[in-house]
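Shown below: final_21.pdb, with PDB, C-alpha atoms and all ligand atoms.
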```pdb
ATOM      1  CA  MET X   1      -9.558 -14.459   3.540
ATOM      2  CA  THR X   2      -7.985 -16.266   6.415
ATOM      3  CA  TYR X   3      -7.296 -16.291  10.122
ATOM      4  CA  ILE X   4      -3.778 -15.410  11.284
ATOM      5  CA  ASP X   5      -2.200 -16.344  14.628
ATOM      6  CA  ILE X   6       0.569 -13.772  14.993
ATOM      7  CA  HIS X   7       2.199 -15.292  18.107
ATOM      8  CA  CYS X   8       2.389 -18.814  19.539
ATOM      9  CA  HIS X   9       4.833 -21.456  20.717
ATOM     10  CA  LEU X  10       4.093 -24.548  18.634
ATOM     11  CA  ASP X  11       7.109 -26.399  20.022
ATOM     12  CA  LEU X  12       5.385 -26.542  23.430
ATOM     13  CA  LEU X  13       2.380 -28.428  22.010
ATOM     14  CA  GLU X  14       2.050 -32.173  21.666
ATOM     15  CA  ASN X  15       0.907 -33.827  18.451
ATOM     16  CA  ILE X  16       1.708 -30.862  16.229
ATOM     17  CA  SER X  17       0.339 -32.434  13.028
ATOM     18  CA  GLN X  18      -3.068 -32.701  14.737
ATOM     19  CA  VAL X  19      -2.754 -29.089  15.951
ATOM     20  CA  ILE X  20      -2.055 -27.941  12.374
ATOM     21  CA  GLU X  21      -4.989 -29.985  11.078
ATOM     22  CA  ASN X  22      -7.295 -28.416  13.688
ATOM     23  CA  ALA X  23      -6.041 -24.981  12.638
ATOM     24  CA  ASN X  24      -6.699 -25.757   8.970
ATOM     25  CA  ASN X  25     -10.195 -26.987   9.765
ATOM     26  CA  SER X  26     -10.892 -23.653  11.497
ATOM     27  CA  GLY X  27      -9.583 -21.598   8.559
ATOM     28  CA  VAL X  28      -6.249 -20.613  10.120
ATOM     29  CA  GLU X  29      -3.720 -20.283   7.334
ATOM     30  CA  ILE X  30      -0.839 -18.354   8.862
ATOM     31  CA  ILE X  31       0.750 -19.303  12.203
ATOM     32  CA  LEU X  32       3.795 -17.468  13.521
ATOM     33  CA  THR X  33       5.713 -19.665  15.936
ATOM     34  CA  GLN X  34       8.318 -18.054  18.183
ATOM     35  CA  GLY X  35      11.755 -19.199  19.230
ATOM     36  CA  ILE X  36      12.896 -18.184  22.711
ATOM     37  CA  ASN X  37      16.402 -19.699  22.856
ATOM     38  CA  ALA X  38      18.878 -21.666  20.696
ATOM     39  CA  GLU X  39      16.946 -24.923  20.999
ATOM     40  CA  THR X  40      13.475 -23.540  20.210
ATOM     41  CA  ASN X  41      14.837 -21.340  17.396
ATOM     42  CA  ARG X  42      15.928 -24.524  15.642
ATOM     43  CA  LYS X  43      12.561 -26.139  16.338
ATOM     44  CA  ALA X  44      10.750 -23.111  14.899
ATOM     45  CA  LEU X  45      12.846 -23.332  11.725
ATOM     46  CA  ALA X  46      12.139 -27.068  11.401
ATOM     47  CA  LEU X  47       8.381 -26.524  11.876
ATOM     48  CA  ALA X  48       8.338 -23.770   9.252
ATOM     49  CA  LYS X  49      10.055 -26.113   6.805
ATOM     50  CA  GLU X  50       7.627 -28.929   7.566
ATOM     51  CA  TYR X  51       4.286 -27.069   7.478
ATOM     52  CA  LYS X  52       3.332 -24.494   4.855
ATOM     53  CA  GLU X  53       1.095 -22.623   7.359
ATOM     54  CA  VAL X  54       3.882 -22.156   9.874
ATOM     55  CA  LYS X  55       6.265 -19.207   9.731
ATOM     56  CA  ALA X  56       9.249 -18.889  12.021
ATOM     57  CA  CYS X  57      10.199 -15.948  14.240
ATOM     58  CA  LEU X  58      13.558 -16.258  15.968
ATOM     59  CA  GLY X  59      14.804 -14.541  19.090
ATOM     60  CA  ILE X  60      15.897 -14.999  22.677
ATOM     61  CA  TYR X  61      13.396 -14.497  25.493
ATOM     62  CA  PRO X  62      14.747 -11.983  28.032
ATOM     63  CA  ILE X  63      14.911 -14.478  30.911
ATOM     64  CA  ASP X  64      16.639 -17.109  28.761
ATOM     65  CA  ALA X  65      19.072 -14.468  27.516
ATOM     66  CA  LEU X  66      20.296 -13.785  31.051
ATOM     67  CA  LYS X  67      21.453 -17.405  31.325
ATOM     68  CA  MET X  68      23.686 -16.966  28.268
ATOM     69  CA  THR X  69      27.101 -15.333  27.895
ATOM     70  CA  ASP X  70      27.529 -12.337  25.563
ATOM     71  CA  LYS X  71      29.457 -14.618  23.233
ATOM     72  CA  GLU X  72      26.583 -17.130  23.108
ATOM     73  CA  ILE X  73      24.097 -14.352  22.390
ATOM     74  CA  ASP X  74      26.229 -12.971  19.574
ATOM     75  CA  SER X  75      26.598 -16.398  18.034
ATOM     76  CA  GLU X  76      22.797 -16.919  18.184
ATOM     77  CA  ILE X  77      22.329 -13.546  16.469
ATOM     78  CA  ALA X  78      24.754 -14.715  13.770
ATOM     79  CA  PHE X  79      22.685 -17.898  13.439
ATOM     80  CA  ILE X  80      19.495 -15.839  12.998
ATOM     81  CA  LYS X  81      21.167 -13.697  10.322
ATOM     82  CA  ALA X  82      22.355 -16.814   8.513
ATOM     83  CA  ASN X  83      18.752 -18.071   8.459
ATOM     84  CA  LYS X  84      17.084 -14.785   7.517
ATOM     85  CA  LYS X  85      15.624 -16.331   4.352
ATOM     86  CA  TYR X  86      13.606 -18.777   6.409
ATOM     87  CA  ILE X  87      12.097 -16.397   8.957
ATOM     88  CA  VAL X  88       9.488 -13.624   8.911
ATOM     89  CA  ALA X  89      10.232 -11.703  12.116
ATOM     90  CA  ILE X  90      12.444 -11.330  15.188
ATOM     91  CA  GLY X  91      10.700 -12.673  18.307
ATOM     92  CA  GLU X  92      10.157 -13.388  21.056
ATOM     93  CA  VAL X  93      12.444 -10.720  22.454
ATOM     94  CA  GLY X  94      12.097  -7.825  24.877
ATOM     95  CA  MET X  95      12.546  -7.214  28.588
ATOM     96  CA  ASP X  96      10.968  -8.706  31.722
ATOM     97  CA  PHE X  97      11.317  -6.945  35.079
ATOM     98  CA  LYS X  98       8.879  -9.176  36.966
ATOM     99  CA  GLU X  99      11.456 -10.513  39.429
ATOM    100  CA  ASP X 100      12.999  -7.890  41.724
ATOM    101  CA  ASP X 101      16.586  -9.093  41.565
ATOM    102  CA  ILE X 102      16.795  -9.173  37.787
ATOM    103  CA  ASP X 103      19.562  -7.424  35.831
ATOM    104  CA  HIS X 104      17.843  -4.527  34.024
ATOM    105  CA  GLU X 105      20.967  -3.090  32.444
ATOM    106  CA  ARG X 106      22.036  -6.358  30.858
ATOM    107  CA  GLN X 107      18.494  -6.919  29.539
ATOM    108  CA  LYS X 108      18.592  -3.463  27.947
ATOM    109  CA  LYS X 109      21.929  -4.204  26.324
ATOM    110  CA  ILE X 110      20.693  -7.508  24.878
ATOM    111  CA  PHE X 111      17.321  -6.121  23.764
ATOM    112  CA  THR X 112      19.126  -3.281  21.963
ATOM    113  CA  LYS X 113      21.023  -5.884  19.929
ATOM    114  CA  PHE X 114      17.776  -7.518  18.844
ATOM    115  CA  ILE X 115      16.170  -4.199  17.922
ATOM    116  CA  ALA X 116      19.245  -3.435  15.783
ATOM    117  CA  LEU X 117      18.968  -6.901  14.218
ATOM    118  CA  SER X 118      15.330  -6.369  13.244
ATOM    119  CA  ILE X 119      16.183  -2.999  11.692
ATOM    120  CA  GLU X 120      19.162  -4.458   9.837
ATOM    121  CA  LEU X 121      17.044  -7.318   8.451
ATOM    122  CA  ASP X 122      14.096  -4.937   7.911
ATOM    123  CA  MET X 123      11.771  -7.355   9.698
ATOM    124  CA  PRO X 124       9.017  -6.881  12.281
ATOM    125  CA  ILE X 125       9.996  -7.379  15.928
ATOM    126  CA  ILE X 126       7.623  -9.108  18.361
ATOM    127  CA  ILE X 127       7.998  -7.801  21.892
ATOM    128  CA  HIS X 128       7.575  -9.288  25.355
ATOM    129  CA  SER X 129       7.407  -6.413  27.860
ATOM    130  CA  ARG X 130       6.154  -7.784  31.204
ATOM    131  CA  LYS X 131       6.620  -5.181  33.958
ATOM    132  CA  ALA X 132       9.009  -3.364  31.597
ATOM    133  CA  GLU X 133       6.434  -1.822  29.285
ATOM    134  CA  LYS X 134       7.638   1.769  29.486
ATOM    135  CA  GLU X 135      11.309   0.792  29.295
ATOM    136  CA  CYS X 136      10.684  -1.360  26.201
ATOM    137  CA  ILE X 137       8.855   1.478  24.456
ATOM    138  CA  GLU X 138      11.581   3.994  25.339
ATOM    139  CA  LEU X 139      14.306   1.759  23.939
ATOM    140  CA  LEU X 140      12.366   0.995  20.744
ATOM    141  CA  GLU X 141      11.761   4.724  20.242
ATOM    142  CA  LYS X 142      15.425   5.534  20.874
ATOM    143  CA  CYS X 143      16.457   2.980  18.228
ATOM    144  CA  ASN X 144      13.830   4.266  15.758
ATOM    145  CA  ALA X 145      12.195   0.865  15.407
ATOM    146  CA  MET X 146       9.164   1.060  13.127
ATOM    147  CA  LYS X 147       7.884  -2.481  12.535
ATOM    148  CA  VAL X 148       6.912  -3.220  16.111
ATOM    149  CA  ILE X 149       4.321  -5.655  17.484
ATOM    150  CA  MET X 150       3.723  -5.407  21.244
ATOM    151  CA  HIS X 151       2.531  -8.906  22.182
ATOM    152  CA  CYS X 152       0.041  -9.330  25.083
ATOM    153  CA  PHE X 153       0.572  -5.736  26.135
ATOM    154  CA  CYS X 154      -0.355  -5.208  29.799
ATOM    155  CA  GLY X 155       0.975  -1.683  30.335
ATOM    156  CA  LYS X 156      -0.950   1.429  31.334
ATOM    157  CA  TRP X 157      -3.437   2.982  28.933
ATOM    158  CA  LYS X 158      -1.277   6.038  28.237
ATOM    159  CA  LEU X 159       1.383   3.618  26.970
ATOM    160  CA  VAL X 160      -1.191   1.960  24.707
ATOM    161  CA  GLU X 161      -1.832   5.426  23.282
ATOM    162  CA  ARG X 162       1.905   6.006  22.840
ATOM    163  CA  ILE X 163       2.248   2.712  20.916
ATOM    164  CA  GLN X 164      -0.684   3.788  18.782
ATOM    165  CA  LYS X 165       0.882   7.198  18.126
ATOM    166  CA  ASN X 166       4.133   5.520  17.109
ATOM    167  CA  GLY X 167       2.264   3.591  14.420
ATOM    168  CA  TRP X 168       3.128   0.240  16.024
ATOM    169  CA  PHE X 169       0.882  -2.794  16.499
ATOM    170  CA  LEU X 170      -0.904  -4.372  19.452
ATOM    171  CA  THR X 171      -2.529  -7.781  19.708
ATOM    172  CA  VAL X 172      -5.865  -9.195  20.809
ATOM    173  CA  PRO X 173      -4.963 -12.467  22.579
ATOM    174  CA  THR X 174      -7.509 -15.290  22.923
ATOM    175  CA  SER X 175      -7.767 -14.484  26.641
ATOM    176  CA  VAL X 176      -9.640 -11.331  25.542
ATOM    177  CA  THR X 177     -12.711 -13.339  26.565
ATOM    178  CA  LYS X 178     -11.755 -12.758  30.233
ATOM    179  CA  SER X 179      -9.401  -9.756  30.210
ATOM    180  CA  GLU X 180     -10.610  -6.160  30.487
ATOM    181  CA  GLN X 181      -7.232  -4.846  29.303
ATOM    182  CA  PHE X 182      -7.408  -6.821  26.061
ATOM    183  CA  GLN X 183     -11.086  -5.957  25.604
ATOM    184  CA  ALA X 184     -10.165  -2.277  25.856
ATOM    185  CA  ILE X 185      -7.382  -2.738  23.286
ATOM    186  CA  ALA X 186      -9.784  -4.588  20.954
ATOM    187  CA  GLN X 187     -12.304  -1.799  21.371
ATOM    188  CA  GLU X 188     -10.143   1.323  21.173
ATOM    189  CA  VAL X 189      -7.006   0.717  19.104
ATOM    190  CA  PRO X 190      -7.415   1.457  15.365
ATOM    191  CA  LEU X 191      -8.140  -1.777  13.494
ATOM    192  CA  ALA X 192      -5.254  -0.963  11.150
ATOM    193  CA  GLN X 193      -2.893  -1.457  14.132
ATOM    194  CA  LEU X 194      -4.163  -4.790  15.454
ATOM    195  CA  PHE X 195      -3.319  -8.470  15.144
ATOM    196  CA  CYS X 196      -4.794 -11.510  16.908
ATOM    197  CA  GLU X 197      -2.708 -14.087  18.768
ATOM    198  CA  THR X 198      -3.220 -17.254  20.812
ATOM    199  CA  ASP X 199       0.170 -17.324  22.596
ATOM    200  CA  SER X 200      -0.446 -21.109  22.577
ATOM    201  CA  PRO X 201      -0.138 -23.111  24.735
ATOM    202  CA  TYR X 202      -0.895 -20.177  27.102
ATOM    203  CA  LEU X 203      -3.918 -17.839  27.337
ATOM    204  CA  HIS X 204      -6.717 -20.269  26.409
ATOM    205  CA  PRO X 205     -10.010 -18.376  25.977
ATOM    206  CA  ASP X 206     -11.622 -20.655  28.598
ATOM    207  CA  LYS X 207      -8.561 -20.795  30.853
ATOM    208  CA  ILE X 208      -7.797 -24.455  30.126
ATOM    209  CA  TRP X 209      -4.552 -26.091  28.980
ATOM    210  CA  PRO X 210      -3.279 -26.129  26.302
ATOM    211  CA  ASN X 211      -4.384 -23.350  23.988
ATOM    212  CA  GLU X 212      -3.861 -23.960  20.244
ATOM    213  CA  PRO X 213      -3.897 -21.844  17.054
ATOM    214  CA  ALA X 214      -7.385 -23.099  16.038
ATOM    215  CA  ASN X 215      -8.723 -21.006  18.945
ATOM    216  CA  ILE X 216      -7.581 -17.767  17.249
ATOM    217  CA  VAL X 217     -11.129 -17.651  15.880
ATOM    218  CA  ARG X 218     -12.250 -16.658  19.401
ATOM    219  CA  SER X 219     -10.132 -13.465  19.258
ATOM    220  CA  TYR X 220     -11.626 -12.519  15.894
ATOM    221  CA  LEU X 221     -15.169 -13.195  17.166
ATOM    222  CA  GLU X 222     -14.626 -11.020  20.217
ATOM    223  CA  LEU X 223     -13.008  -8.277  18.134
ATOM    224  CA  ALA X 224     -15.958  -8.315  15.727
ATOM    225  CA  ARG X 225     -18.450  -8.213  18.610
ATOM    226  CA  LEU X 226     -16.722  -5.314  20.369
ATOM    227  CA  ARG X 227     -16.230  -3.263  17.190
ATOM    228  CA  LYS X 228     -19.640  -4.101  15.743
ATOM    229  CA  ILE X 229     -18.109  -5.318  12.486
ATOM    230  CA  SER X 230     -18.460  -8.667  10.737
ATOM    231  CA  VAL X 231     -15.858 -11.365  11.360
ATOM    232  CA  GLU X 232     -15.162 -11.300   7.596
ATOM    233  CA  ASP X 233     -14.345  -7.588   7.742
ATOM    234  CA  GLY X 234     -12.096  -8.159  10.752
ATOM    235  CA  ARG X 235     -10.269 -10.923   8.909
ATOM    236  CA  GLU X 236      -9.776  -8.767   5.859
ATOM    237  CA  ILE X 237      -8.436  -5.807   7.840
ATOM    238  CA  ILE X 238      -5.978  -7.964   9.793
ATOM    239  CA  ARG X 239      -4.902  -9.776   6.652
ATOM    240  CA  ASN X 240      -4.142  -6.379   5.094
ATOM    241  CA  ASN X 241      -2.169  -5.396   8.198
ATOM    242  CA  TYR X 242      -0.145  -8.566   7.759
ATOM    243  CA  LEU X 243       0.512  -7.932   4.079
ATOM    244  CA  LYS X 244       1.612  -4.372   4.836
ATOM    245  CA  LEU X 245       4.006  -5.254   7.654
ATOM    246  CA  PHE X 246       5.430  -8.611   6.572
ATOM    247  CA  LYS X 247       7.285  -9.335   3.380
ATOM    248  CA  LYS X 248       6.300 -13.012   3.264
TER     249      LYS X 248
HETATM  250 ZN    ZN C 301       5.022 -15.881  23.765
END
```
If you took the structure in this file and wrote it as structure tokens, what would it be?
Ligand SMILES: [Zn+2]
Amino acid sequence: MTYIDIHCHLDLLENISQVIENANNSGVEIILTQGINAETNRKALALAKEYKEVKACLGIYPIDALKMTDKEIDSEIAFIKANKKYIVAIGEVGMDFKEDDIDHERQKKIFTKFIALSIELDMPIIIHSRKAEKECIELLEKCNAMKVIMHCFCGKWKLVERIQKNGWFLTVPTSVTKSEQFQAIAQEVPLAQLFCETDSPYLHPDKIWPNEPANIVRSYLELARLRKISVEDGREIIRNNYLKLFKK
């Protein structure tokens, strides 16, 4: 029985060995760190090699992707394929329409490549969907993606239900302590379709900086409180979700 942090950015934290020790002391045994560009993908791989608790997810964040040429994106995808043995998922990828003047069509084109990559490698895909929630879901459905985790999902409730109907996963971030949206997800979404995440260094449960994987315990506590289950039962259910979706 163990705590799992399904989404964080370890490379953004200082003193990582201390962060891992804190996580161990809190019972966190699986930490998925995300790459968001060429540089952080390599850092994620190095961290996964260094620490047994850390597993790497590689991808290109939608905003970072727009700064790259198509050729650079394709070569990063080739790099990810070449390192498939050392990773557990594709992420963080998706679309972000927060800024008005952003190129939606190019984001769609790039995201489609990453969805295809996750299907080809038969790996889960971890999605960023800020202000593009419906568009992300539509594209994932069109591509028949199955192993989908919608990270920090802030879309409308009918979209939460659509994700649920598709058999995909949602997360309970540590900011569930303050967020009604995440409380509703923790309360309503079937436990068999949930993970917990810290999104460290972001989303600290007490709104301070930085967040770290040890705080994942706060998500599990809140989930247990809202669902009226024991923390142990919550841990077991989420561990089973992990074993079902991930190969390693
Ligand atoms: Zn993230």
Requested in this report: Name the residues that the PyMOL selection byres (((chain X and resi 3) around 12) and not hetatm) pulls out of this structure, and write them as a ChimeraX atom specification.
Outcome: /X:1-2,4-6,23-32,53,195-198,213-221,231-240,242
Query - Top pick for closest residue to ligand ZN 301 (chain C), considering X:Leu159, X:Leu47, X:Ile208, X:Cys8 and counting all atoms listed in the file - result: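 Using all atoms listed in the file, the shortest distance to ligand ZN 301 (chain C) belongs to X:Cys8.
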Requested in this report: Grab the CA of Leu245 in chain X to CA of Lys178 in chain X distance for me, in Å with one decimal place.
Outcome: 28.5 Å
Proximity check chain X to ligand ZN 301 (chain C), 7 Å, nearest pairs one decimal Å, all atoms listed in the file, as CSV:
```
residue,atom,partner,partner_atom,distance
X:His7,CA,C:ZN301,ZN,6.4
X:Cys8,CA,C:ZN301,ZN,5.8
X:His9,CA,C:ZN301,ZN,6.4
X:Gln34,CA,C:ZN301,ZN,6.8
X:Glu92,CA,C:ZN301,ZN,6.3
X:Asp199,CA,C:ZN301,ZN,5.2
```
Query raised in the report: Given the choices X:Ser175, X:Gln164, X:Asn144, X:Gln183, which gets closest to Ser200 in chain X if the distance is worked out from only C-alpha atoms?
Result: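 Of the candidates, the smallest distance to Ser200 in chain X is held by X:Ser175.
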**Report entry** Separation of CA of Leu140 in chain X from CA of Ile115 in chain X, in Å and rounded to one decimal
**Finding:**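 Answer for the CA of Leu140 in chain X to CA of Ile115 in chain X separation: 7.0 Å.
For the file at hand, the PyMOL selection byres (((chain X and resi 89) around 8) and not hetatm) resolves to Ala56, Cys57, Leu58, Ile87, Val88, Ile90, Gly91, Ser118, Met123, Pro124, Ile125, Ile126 and Phe246 of chain X.
As for CA of His128 in chain X and CA of Ile229 in chain X, they are spaced 29.0 Å apart.
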Report task. Evaluate the PyMOL selection byres (((chain X and resi 104-110) around 12) and not hetatm) on the structure here and hand back the selected residues as a ChimeraX atom specification. Result -> /X:59-74,76-77,93-103,111-117,128-129,131-132,135-140,142-143
Take every atom of range 65-74 of chain X listed in the file, pad by 6 Å on each side, and give me the axis-aligned box centre and edge lengths in Å, one decimal, as lines of an AutoDock Vina configuration file.
```
center_x = 24.3
center_y = -14.9
center_z = 25.4
size_x = 22.4
size_y = 17.1
size_z = 23.8
```
Please provide as a PDB file with C-alpha atoms, in the coordinates of the input all residues within 12 Å of Leu12 in chain X, with the sequence filter that same-chain residues fewer than 4 positions apart are discarded (counting all atoms listed in the file).
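Ended up saving to part-v4.pdb:
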```
ATOM      1  CA  CYS X   8       2.389 -18.814  19.539  1.00  0.00           C
ATOM      2  CA  ILE X  16       1.708 -30.862  16.229  1.00  0.00           C
ATOM      3  CA  VAL X  19      -2.754 -29.089  15.951  1.00  0.00           C
ATOM      4  CA  THR X  33       5.713 -19.665  15.936  1.00  0.00           C
ATOM      5  CA  GLN X  34       8.318 -18.054  18.183  1.00  0.00           C
ATOM      6  CA  GLY X  35      11.755 -19.199  19.230  1.00  0.00           C
ATOM      7  CA  ILE X  36      12.896 -18.184  22.711  1.00  0.00           C
ATOM      8  CA  GLU X  39      16.946 -24.923  20.999  1.00  0.00           C
ATOM      9  CA  THR X  40      13.475 -23.540  20.210  1.00  0.00           C
ATOM     10  CA  LYS X  43      12.561 -26.139  16.338  1.00  0.00           C
ATOM     11  CA  ALA X  44      10.750 -23.111  14.899  1.00  0.00           C
ATOM     12  CA  LEU X  47       8.381 -26.524  11.876  1.00  0.00           C
ATOM     13  CA  ASP X 199       0.170 -17.324  22.596  1.00  0.00           C
ATOM     14  CA  SER X 200      -0.446 -21.109  22.577  1.00  0.00           C
ATOM     15  CA  PRO X 201      -0.138 -23.111  24.735  1.00  0.00           C
ATOM     16  CA  TYR X 202      -0.895 -20.177  27.102  1.00  0.00           C
ATOM     17  CA  TRP X 209      -4.552 -26.091  28.980  1.00  0.00           C
ATOM     18  CA  PRO X 210      -3.279 -26.129  26.302  1.00  0.00           C
ATOM     19  CA  ASN X 211      -4.384 -23.350  23.988  1.00  0.00           C
ATOM     20  CA  GLU X 212      -3.861 -23.960  20.244  1.00  0.00           C
TER      21      GLU X 212
END
```
Query raised in the report: Quick one: of X:Leu191, X:Ser17, X:Lys228, X:Lys81, who's nearest to Lys52 in chain X, counting all atoms listed in the file?
Result: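 Counting all atoms listed in the file, the residue closest to Lys52 in chain X is X:Ser17.
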Report task. Would you please work out which residue, of X:Ala145, X:Met150, X:Ala192, X:Arg225, is nearest to Thr177 in chain X when using all atoms listed in the file? Result -> X:Arg225
Report task. Using only C-alpha atoms, collect all residues at a distance of at most 12 Å from (-5.1, -7.8, 30.1) as written in the file, then present them as a list in words. Result ->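 All residues meeting the 12 Å criterion around (-5.1, -7.8, 30.1) are Arg130, His151, Cys152, Phe153, Cys154, Gly155, Lys156, Trp157, Val160, Leu170, Thr171, Val172, Pro173, Thr174, Ser175, Val176, Thr177, Lys178, Ser179, Glu180, Gln181, Phe182, Gln183, Ala184, Ile185, Ala186 and Leu203 of chain X.
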